[in-house]
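Chemist: Just my_file_21.txt, nothing more (compact mmCIF, C-alpha atoms):
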# COMPACT_ATOMS: atom_id res chain seq x y z
CA MET A 36 78.12 51.56 118.04
CA GLN A 37 75.94 51.79 114.93
CA ARG A 38 72.29 52.82 114.75
CA SER A 39 69.73 53.47 112.04
CA ILE A 40 67.44 56.41 112.73
CA ASP A 41 64.08 56.68 110.98
CA LEU A 42 63.38 60.41 110.58
CA GLY A 43 60.20 59.99 108.55
CA ALA A 44 61.03 61.40 105.12
CA ALA A 45 64.57 60.06 105.35
CA SER A 46 66.74 57.69 107.29
CA VAL A 47 70.23 58.09 108.67
CA VAL A 48 72.73 55.48 109.77
CA VAL A 49 75.33 56.73 112.22
CA ARG A 50 78.30 54.91 113.65
CA SER A 51 80.63 56.16 116.36
CA PRO A 52 82.76 54.78 119.17
CA LEU A 53 82.35 58.02 121.17
CA ARG A 54 80.48 57.14 124.35
CA GLU A 55 79.38 60.66 125.25
CA PHE A 56 78.08 61.30 121.72
CA ASN A 57 76.09 58.06 121.78
CA ALA A 58 74.57 59.01 125.14
CA GLN A 59 73.50 62.36 123.64
CA LEU A 60 71.88 60.56 120.69
CA ASP A 61 70.10 58.27 123.18
CA LEU A 62 68.54 61.36 124.77
CA LEU A 63 67.65 63.37 121.67
CA TYR A 64 66.45 60.43 119.57
CA ARG A 65 64.91 58.60 122.52
CA ASP A 66 61.55 58.12 120.78
CA HIS A 67 62.87 57.17 117.34
CA SER A 68 63.06 53.49 116.55
CA GLN A 69 66.74 52.66 116.36
CA ALA A 70 67.71 49.47 114.65
CA GLY A 71 71.32 48.44 114.16
CA ASP A 72 71.14 48.82 110.38
CA SER A 73 67.94 48.50 108.37
CA GLY A 74 69.60 48.42 104.94
CA PHE A 75 69.00 51.50 102.81
CA ALA A 76 69.76 54.90 104.34
CA ASP A 77 69.66 58.31 102.68
CA VAL A 78 72.72 59.33 104.66
CA ARG A 79 75.40 57.18 106.28
CA VAL A 80 77.92 58.85 108.52
CA ALA A 81 80.60 57.90 110.99
CA LEU A 82 81.78 60.25 113.73
CA LEU A 83 85.34 59.20 114.41
CA PRO A 84 88.05 60.73 116.58
CA GLY A 85 90.93 62.32 114.68
CA PRO A 86 94.59 61.54 115.32
CA PRO A 87 95.58 62.23 118.95
CA TRP A 88 98.63 64.39 118.19
CA ARG A 89 96.72 67.49 117.00
CA VAL A 90 98.16 70.80 118.24
CA TRP A 91 94.67 72.20 118.88
CA GLY A 92 93.54 69.28 120.97
CA PRO A 93 91.55 66.13 120.13
CA GLN A 94 89.09 66.43 117.26
CA VAL A 95 86.21 64.55 115.70
CA ARG A 96 85.60 64.10 111.99
CA LEU A 97 82.41 63.28 110.14
CA TRP A 98 82.94 60.64 107.49
CA SER A 99 80.40 60.04 104.73
CA GLU A 100 80.84 57.90 101.61
CA ALA A 101 84.56 57.49 102.38
CA SER A 102 85.24 61.22 102.57
CA CYS A 103 85.30 64.01 105.16
CA PRO A 104 83.20 66.78 103.64
CA PHE A 105 83.61 69.18 106.58
CA ASP A 106 86.38 70.55 108.80
CA PRO A 107 86.84 68.66 112.05
CA TYR A 108 85.22 69.83 115.30
CA PRO A 109 86.58 69.59 118.85
CA LEU A 110 86.13 66.05 120.14
CA ASP A 111 83.45 67.08 122.64
CA SER A 112 81.35 68.69 119.86
CA ALA A 113 80.48 65.54 117.92
CA LEU A 114 76.73 66.14 118.31
CA PRO A 115 76.66 69.62 116.65
CA LEU A 116 78.86 68.25 113.86
CA PHE A 117 76.50 65.29 113.38
CA GLU A 118 73.35 67.43 113.39
CA TRP A 119 74.71 70.15 111.12
CA GLY A 120 76.51 67.69 108.85
CA THR A 121 73.54 65.38 108.35
CA ASN A 122 71.29 68.37 107.64
CA TRP A 123 73.74 69.45 104.95
CA LEU A 124 73.93 65.97 103.45
CA LEU A 125 70.15 65.54 103.51
CA ALA A 126 69.77 68.89 101.73
CA GLN A 127 72.08 67.61 98.98
CA ARG A 128 70.39 64.25 98.56
CA LEU A 129 66.63 64.41 99.09
CA ASN A 130 65.86 65.55 95.56
CA ALA A 131 62.72 63.48 95.13
CA HIS A 132 60.97 66.32 96.98
CA VAL A 133 61.12 70.10 97.06
CA LEU A 134 63.10 70.86 100.20
CA LEU A 135 61.97 74.14 101.69
CA HIS A 136 64.19 75.83 104.21
CA ALA A 137 61.37 76.09 106.70
CA GLY A 138 60.03 75.11 110.05
CA VAL A 139 56.85 73.05 109.84
CA VAL A 140 54.26 72.38 112.54
CA ALA A 141 50.71 71.07 112.23
CA ARG A 142 47.31 70.89 113.82
CA GLU A 143 45.00 68.01 112.87
CA ASP A 144 47.23 67.20 109.91
CA ARG A 145 47.06 70.73 108.53
CA ALA A 146 50.45 72.37 108.21
CA LEU A 147 51.81 75.76 109.06
CA ILE A 148 54.96 76.40 107.03
CA LEU A 149 57.54 78.89 108.32
CA PRO A 150 60.07 79.55 105.52
CA ALA A 151 62.94 81.81 106.51
CA ALA A 152 66.60 82.59 106.06
CA PRO A 153 69.03 81.62 108.85
CA GLY A 154 68.84 84.02 111.78
CA SER A 155 65.15 84.84 111.34
CA GLY A 156 64.12 83.00 114.49
CA LYS A 157 62.57 80.09 112.60
CA SER A 158 63.76 77.32 114.92
CA THR A 159 62.81 79.21 118.07
CA LEU A 160 59.35 79.93 116.74
CA THR A 161 58.88 76.34 115.58
CA CYS A 162 59.82 75.01 119.04
CA ALA A 163 57.62 77.56 120.80
CA LEU A 164 54.63 76.55 118.67
CA HIS A 165 55.36 72.89 119.36
CA LEU A 166 55.43 73.54 123.11
CA ALA A 167 52.12 75.37 122.71
CA GLY A 168 50.51 72.20 121.37
CA TRP A 169 51.35 72.02 117.68
CA ARG A 170 52.72 68.84 116.15
CA PHE A 171 56.41 69.19 115.24
CA LEU A 172 57.51 68.14 111.74
CA SER A 173 60.83 69.98 111.37
CA ASP A 174 62.59 73.19 112.28
CA GLU A 175 64.70 73.08 109.13
CA PHE A 176 63.10 71.17 106.25
CA GLY A 177 59.71 71.53 104.65
CA VAL A 178 59.66 68.30 102.64
CA LEU A 179 57.13 69.00 99.91
CA ASP A 180 55.90 66.01 97.91
CA THR A 181 55.89 67.04 94.25
CA GLU A 182 53.11 64.60 93.34
CA SER A 183 50.66 64.82 96.24
CA GLY A 184 51.44 68.37 97.39
CA LEU A 185 51.62 67.09 100.98
CA LEU A 186 54.41 67.78 103.45
CA HIS A 187 56.40 64.95 105.01
CA PRO A 188 57.85 65.17 108.51
CA LEU A 189 61.63 65.05 108.94
CA LEU A 190 61.94 64.53 112.65
CA LYS A 191 65.33 65.73 113.83
CA PRO A 192 66.10 67.72 116.95
CA ALA A 193 65.93 71.50 116.50
CA ALA A 194 69.19 73.40 116.80
CA LEU A 195 68.72 76.34 119.16
CA LYS A 196 71.32 79.05 119.40
CA ASN A 197 72.39 81.58 121.99
CA ARG A 198 69.45 83.30 123.72
CA SER A 199 66.93 80.87 122.23
CA ILE A 200 68.41 78.12 124.41
CA ASP A 201 67.15 79.76 127.60
CA ILE A 202 63.91 81.01 126.02
CA ILE A 203 62.87 77.53 124.88
CA GLY A 204 64.75 75.53 127.50
CA GLY A 205 62.98 77.41 130.29
CA GLN A 206 59.52 76.38 129.11
CA PRO A 207 57.68 73.48 130.75
CA GLY A 208 58.11 70.23 128.88
CA ALA A 209 61.16 71.28 126.89
CA VAL A 210 63.82 68.57 126.54
CA LEU A 211 67.23 69.86 125.49
CA GLY A 212 70.58 68.20 125.08
CA PRO A 213 73.78 69.72 126.45
CA VAL A 214 74.84 73.27 125.57
CA PHE A 215 77.87 73.48 123.28
CA ALA A 216 79.47 76.83 124.00
CA GLY A 217 81.42 78.84 121.45
CA THR A 218 80.77 76.83 118.28
CA ARG A 219 81.01 78.55 114.89
CA LYS A 220 77.35 79.45 115.28
CA GLY A 221 77.67 80.56 118.91
CA ASP A 222 76.24 78.51 121.77
CA VAL A 223 74.15 75.62 120.47
CA ALA A 224 71.77 73.18 122.15
CA HIS A 225 69.37 70.67 120.60
CA PHE A 226 65.68 70.45 121.36
CA ALA A 227 63.97 67.05 121.21
CA PRO A 228 60.43 66.97 119.73
CA ASP A 229 57.79 65.15 121.77
CA ARG A 230 56.93 61.47 121.49
CA ALA A 231 53.62 62.04 119.66
CA SER A 232 55.35 64.02 116.89
CA VAL A 233 58.00 61.34 116.49
CA ALA A 234 55.35 58.62 116.41
CA ALA A 235 53.55 60.52 113.60
CA ARG A 236 56.67 60.96 111.47
CA ARG A 237 55.29 58.81 108.64
CA ARG A 238 52.03 60.75 108.46
CA PRO A 239 52.10 63.62 105.92
CA VAL A 240 50.13 66.81 106.36
CA THR A 241 48.23 69.18 104.06
CA PRO A 242 49.66 72.71 103.65
CA ALA A 243 47.22 75.22 105.16
CA LEU A 244 49.17 78.41 105.84
CA VAL A 245 52.55 79.94 105.03
CA VAL A 246 54.04 82.50 107.39
CA PHE A 247 57.37 84.17 106.65
CA PRO A 248 58.65 85.04 110.14
CA ARG A 249 61.25 87.63 111.06
CA TYR A 250 62.38 88.18 114.61
CA ARG A 251 63.81 91.61 115.39
CA GLU A 252 64.71 92.55 118.91
CA GLY A 253 62.31 95.13 120.31
CA ALA A 254 60.08 95.11 117.23
CA ALA A 255 56.36 95.69 117.60
CA LEU A 256 54.22 93.00 115.99
CA ARG A 257 53.63 93.58 112.30
CA CYS A 258 51.57 91.21 110.17
CA GLU A 259 50.93 91.64 106.45
CA PRO A 260 49.54 89.43 103.69
CA VAL A 261 51.90 88.31 100.93
CA ARG A 262 50.56 88.09 97.39
CA ARG A 263 50.54 84.57 95.98
CA ALA A 264 53.07 85.17 93.21
CA GLU A 265 55.46 86.83 95.66
CA ALA A 266 54.93 83.99 98.10
CA ALA A 267 55.85 81.50 95.37
CA MET A 268 59.02 83.46 94.61
CA ARG A 269 59.98 83.53 98.27
CA LEU A 270 59.24 79.84 98.73
CA GLY A 271 61.53 79.09 95.81
CA LEU A 272 64.26 81.27 97.26
CA ASN A 273 63.88 79.57 100.64
CA SER A 274 64.49 76.14 99.15
CA PHE A 275 67.56 73.95 99.02
CA ASN A 276 66.82 72.40 95.64
CA TYR A 277 64.10 74.38 93.86
CA ARG A 278 66.25 75.22 90.84
CA LYS A 279 67.60 71.70 90.58
CA LEU A 280 64.06 70.38 90.10
CA GLY A 281 63.13 72.81 87.30
CA PRO A 282 59.54 72.38 86.07
CA VAL A 283 58.77 69.80 88.77
CA GLY A 284 59.72 72.25 91.52
CA PHE A 285 57.93 75.09 89.73
CA ASP A 286 54.66 73.14 89.62
CA ALA A 287 54.95 72.07 93.26
CA ILE A 288 55.64 75.59 94.53
CA LEU A 289 52.89 77.03 92.36
CA ARG A 290 50.40 74.53 93.76
CA LEU A 291 51.48 75.38 97.31
CA ALA A 292 51.18 79.13 96.70
CA ARG A 293 47.72 78.65 95.21
CA THR A 294 46.37 76.53 98.05
CA ALA A 295 47.94 78.08 101.17
CA PRO A 296 47.56 81.79 101.92
CA ALA A 297 50.79 83.54 102.91
CA TRP A 298 51.62 86.18 105.48
CA GLU A 299 54.70 87.91 106.75
CA ILE A 300 55.14 88.68 110.41
CA GLU A 301 57.80 90.67 112.18
CA TYR A 302 57.90 90.33 115.95
CA GLY A 303 60.04 91.09 118.96
CA ALA A 304 58.40 88.67 121.41
CA LEU A 305 57.03 85.15 121.09
CA ALA A 306 54.11 86.23 123.26
CA ASP A 307 53.04 88.49 120.36
CA ALA A 308 53.82 86.09 117.52
CA LEU A 309 52.03 83.00 118.80
CA PRO A 310 48.49 84.44 119.16
CA CYS A 311 48.88 86.19 115.81
CA ILE A 312 49.78 82.91 114.11
CA GLU A 313 46.93 81.09 115.86
CA GLN A 314 44.54 83.70 114.52
CA LEU A 315 45.90 83.48 110.96
CA PHE A 316 45.72 79.70 111.08
CA GLY A 317 42.13 79.82 112.29
CA LYS A 318 41.22 82.11 109.39
CA ALA A 319 42.94 79.79 106.91
CA SER A 320 40.67 76.91 107.96
CA MET B 121 72.75 74.30 78.60
CA GLN B 122 69.98 72.57 76.64
CA PRO B 123 66.28 72.77 77.54
CA THR B 124 64.80 69.38 78.28
CA SER B 125 61.20 70.23 77.43
CA PRO B 126 59.64 69.28 74.08
CA LEU B 127 57.49 72.41 74.24
CA GLY B 128 57.95 75.25 71.77
CA PRO B 129 58.25 78.91 72.92
CA LEU B 130 54.52 79.71 72.87
CA ALA B 131 53.52 76.45 74.50
CA TRP B 132 56.18 77.04 77.15
CA ILE B 133 54.67 80.42 78.00
CA GLU B 134 51.22 78.88 78.19
CA ARG B 135 52.47 76.18 80.53
CA TYR B 136 55.12 77.95 82.61
CA CYS B 137 53.96 81.54 82.83
CA PRO B 138 50.77 81.31 84.93
CA SER B 139 48.95 84.22 86.49
CA LEU B 140 48.50 84.48 90.25
CA ASP B 141 46.29 87.35 91.35
CA GLY B 142 47.34 89.52 88.41
CA GLN B 143 51.07 88.81 88.63
CA PHE B 144 52.88 86.28 86.47
CA LEU B 145 55.56 83.74 87.25
CA PHE B 146 57.85 82.69 84.43
CA LEU B 147 60.14 79.69 84.55
CA ASP B 148 63.30 80.27 82.49
CA PRO B 149 63.55 77.16 80.26
CA LEU B 150 67.35 77.27 80.21
CA ARG B 151 68.43 78.21 83.72
CA TRP B 152 65.33 77.18 85.66
CA ASP B 153 65.21 80.52 87.43
CA THR B 154 61.76 81.86 88.22
CA HIS B 155 60.86 85.47 87.45
CA LEU B 156 58.01 87.63 88.66
CA LEU B 157 56.58 89.47 85.65
CA SER B 158 53.98 92.14 85.05
CA ALA B 159 51.16 91.64 82.55
CA GLY B 160 52.95 94.03 80.17
CA ALA B 161 56.17 92.04 80.29
CA VAL B 162 54.26 88.85 79.49
CA ILE B 163 52.73 90.51 76.41
CA VAL B 164 56.21 91.39 75.14
CA LEU B 165 57.45 87.87 75.89
CA ARG B 166 54.50 86.35 74.07
CA GLU B 167 55.18 88.52 71.02
CA ALA B 168 58.79 87.44 71.15
CA ALA B 169 57.68 83.80 71.24
CA LEU B 170 55.44 84.37 68.21
CA ALA B 171 58.36 85.96 66.37
CA ILE B 172 60.65 83.07 67.27
CA GLU B 173 58.15 80.52 65.98
CA ALA B 174 57.68 82.56 62.79
CA GLY B 175 61.46 82.65 62.27
CA CYS B 176 61.72 86.43 62.52
CA PHE B 177 63.12 86.95 66.00
CA GLU B 178 66.03 89.09 64.80
CA ALA B 179 63.60 91.46 63.09
CA PHE B 180 61.56 91.57 66.29
CA ARG B 181 64.68 92.46 68.31
CA ALA B 182 65.47 95.26 65.88
CA GLU B 183 61.92 96.54 66.22
CA VAL B 184 62.13 96.48 70.03
CA ALA B 185 65.46 98.32 69.90
CA ALA B 186 63.98 100.93 67.60
CA ASN B 187 61.12 101.44 70.03
CA GLY B 188 63.22 102.16 73.08
CA GLY B 189 64.65 98.76 73.98
CA TRP B 190 63.59 95.86 76.17
CA PRO B 191 62.16 96.14 79.65
CA ALA B 192 64.89 95.30 82.16
CA GLY B 193 65.93 91.64 82.06
CA LEU B 194 63.34 90.60 79.49
CA GLU B 195 65.62 90.16 76.49
CA ARG B 196 67.50 87.42 78.32
CA LEU B 197 64.26 85.53 78.86
CA ALA B 198 63.21 85.96 75.24
CA VAL B 199 66.57 84.66 74.08
CA ALA B 200 66.14 81.66 76.37
CA LEU B 201 62.91 80.86 74.49
CA THR B 202 64.86 80.64 71.23
CA ALA B 203 66.58 77.54 72.61
CA LEU B 204 63.20 75.79 72.73
CA ALA B 205 62.64 76.52 69.03
CA GLU B 206 66.19 75.39 68.18
CA ARG B 207 65.62 72.19 70.08
CA ALA B 208 62.33 71.55 68.30
CA ALA B 209 64.09 72.16 64.97
CA GLY B 210 67.04 70.01 66.00
CA THR B 211 69.50 72.83 65.44
CA GLY B 212 70.58 73.41 69.07
CA THR B 213 74.25 73.10 69.90
CA GLU B 214 75.38 70.74 72.63
CA ALA B 215 76.04 72.43 75.98
With the file now loaded, output its structure as structure tokens.
Modeler:
Amino acid sequence: MQRSIDLGAASVVVRSPLREFNAQLDLLYRDHSQAGDSGFADVRVALLPGPPWRVWGPQVRLWSEASCPFDPYPLDSALPLFEWGTNWLLAQRLNAHVLLHAGVVAREDRALILPAAPGSGKSTLTCALHLAGWRFLSDEFGVLDTESGLLHPLLKPAALKNRSIDIIGGQPGAVLGPVFAGTRKGDVAHFAPDRASVAARRRPVTPALVVFPRYREGAALRCEPVRRAEAAMRLGLNSFNYRKLGPVGFDAILRLARTAPAWEIEYGALADALPCIEQLFGKAS
Amino acid sequence: MQPTSPLGPLAWIERYCPSLDGQFLFLDPLRWDTHLLSAGAVIVLREAALAIEAGCFEAFRAEVAANGGWPAGLERLAVALTALAERAAGTGTEA
């Protein structure tokens, strides 16, 4: 089966004969329009079973542009391979924009940007904000338009890991795919954004606030402003392609740092982080 | 690596070393790294750019060395600016 998935800022065509994998895509991309093949796609992949005589059991490979850029996964883990692999490929290819490594949510088309390194709790916080009423744009990519300064949605499911699966999965309204136990990143499950966010995936938002989040178990809430120049440096560091874009990326990040105030928060509980962020966002209005 | 900008060293600093709340960001014209600089470091870099454009950068380097040396990491950025002057003069070597 082949389908074209419109993510907003990018499109992906995926082909696979794996029935279970296709059923998982049906669930997680249930609100995306899925044509058979709409022509151009930023990323084209095929998830195909490997040869059946493998010592370590049946495997699945991700093919893209006639090559296999990644090691194979167990056959029943096609979805994590697809999600991780397409994220990697998108990060390599979407160089018309500055790609921030950030969660992005919005209220009334004003964006909260959450740039962070892996393991900072970015995806969990993004999903928690979404379940609290914010529009979901991405848990992974802040797609910054270098000309307009706006942020484009890139609507993919959020990859939740380990304890975050229960924390987010236990909240009312959360839709998660199956849990994949013991992957290279631990247990992984994918969170589907709501229908309204998917429907708005072609509508860009204006940057309003940058928050650098850091989850630390047991930490008391700490919230400090970040100076604009330091925020610009950190935005550049938390980007997939900032250096590739040179002066274009420099100008875009500078503009963002000048227009959106930046804060850093450290937290040990979402119940502390969410009201703090709401307050900061209200002040940034 | 060759810079792609037609700007000379001083014009580059004007364009790609803006101030944000008293701190400065500098875009390296060769490597496209960004550096957070103090006002003092920008003064030194600007003097280096003037020296490059006047064709006396080596004398400027000797003067800096005689006065205690460069602030950490700054010489590398000043040298990167020389590539802009070489490009403008058409004397840069191919990367």
Chemist: For a test of reading the model, state the distance in Å between CA of Phe144 (chain B) and CA of Ala159 (chain B), rounded to one decimal.
Modeler: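 Straight-line distance from CA of Phe144 (chain B) to CA of Ala159 (chain B) works out to 6.9 Å.
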Chemist: Residues of chain B within 9 Å of chain A, counting only C-alpha atoms, what are they? List them as a PyMOL selection string.
Modeler: chain B and resi 136+138-145+147-149+151-156
Chemist: May I ask for the distance between CA of Leu124 (chain A) and CA of Leu149 (chain A), given in Å to one decimal place?
Modeler: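 Between CA of Leu124 (chain A) and CA of Leu149 (chain A) the gap is 21.4 Å.
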Chemist: Please provide as a PyMOL selection string all residues within 8 Å of region 134-146 of chain A, with the sequence filter that same-chain residues fewer than 4 positions apart are discarded (counting only C-alpha atoms).
Modeler: chain A and resi 126+129-130+150-152+157-158+161+164-165+169-179+186+239-244+270-271+273-277
Chemist: Residues within 9 Å of Glu173 (chain B), please, as a list in words. Count all atoms listed in the file; anything in the same chain fewer than 5 positions from it doesn't count.
Modeler: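 Near Glu173 (chain B), the qualifying residues are Gly128, Pro129, Leu130, Ala168, Thr202 and Ala205 of chain B.
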Chemist: Excluding Ile163 (chain B) and residues on its chain fewer than 2 positions from it, collect all residues at most 12 Å away from it, counting only C-alpha atoms, and give them as a PDB file with C-alpha atoms, in the coordinates of the input.
Modeler:
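The file below, around_34.pdb, is the result:
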ATOM      1  CA  LEU B 130      54.520  79.710  72.870  1.00  0.00           C
ATOM      2  CA  ILE B 133      54.670  80.420  78.000  1.00  0.00           C
ATOM      3  CA  GLU B 134      51.220  78.880  78.190  1.00  0.00           C
ATOM      4  CA  CYS B 137      53.960  81.540  82.830  1.00  0.00           C
ATOM      5  CA  PHE B 144      52.880  86.280  86.470  1.00  0.00           C
ATOM      6  CA  LEU B 157      56.580  89.470  85.650  1.00  0.00           C
ATOM      7  CA  SER B 158      53.980  92.140  85.050  1.00  0.00           C
ATOM      8  CA  ALA B 159      51.160  91.640  82.550  1.00  0.00           C
ATOM      9  CA  GLY B 160      52.950  94.030  80.170  1.00  0.00           C
ATOM     10  CA  ALA B 161      56.170  92.040  80.290  1.00  0.00           C
ATOM     11  CA  LEU B 165      57.450  87.870  75.890  1.00  0.00           C
ATOM     12  CA  ARG B 166      54.500  86.350  74.070  1.00  0.00           C
ATOM     13  CA  GLU B 167      55.180  88.520  71.020  1.00  0.00           C
ATOM     14  CA  ALA B 168      58.790  87.440  71.150  1.00  0.00           C
ATOM     15  CA  ALA B 169      57.680  83.800  71.240  1.00  0.00           C
ATOM     16  CA  LEU B 170      55.440  84.370  68.210  1.00  0.00           C
ATOM     17  CA  PRO B 191      62.160  96.140  79.650  1.00  0.00           C
ATOM     18  CA  LEU B 194      63.340  90.600  79.490  1.00  0.00           C
ATOM     19  CA  ALA B 198      63.210  85.960  75.240  1.00  0.00           C
TER      20      ALA B 198
END
Chemist: Counting only C-alpha atoms, which of B:Val162, B:Leu150, B:Ala182, B:Ala171 gets nearest to Leu204 (chain B)?
Modeler: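 The shortest atom-to-atom distance to Leu204 (chain B) comes from B:Leu150.
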Chemist: Counting all atoms listed in the file, what is within 6 Å of Met36 (chain A), bar same-chain residues fewer than 6 positions away, as JSON, numbers by chain?
Modeler: {"A": [50, 51, 52]}
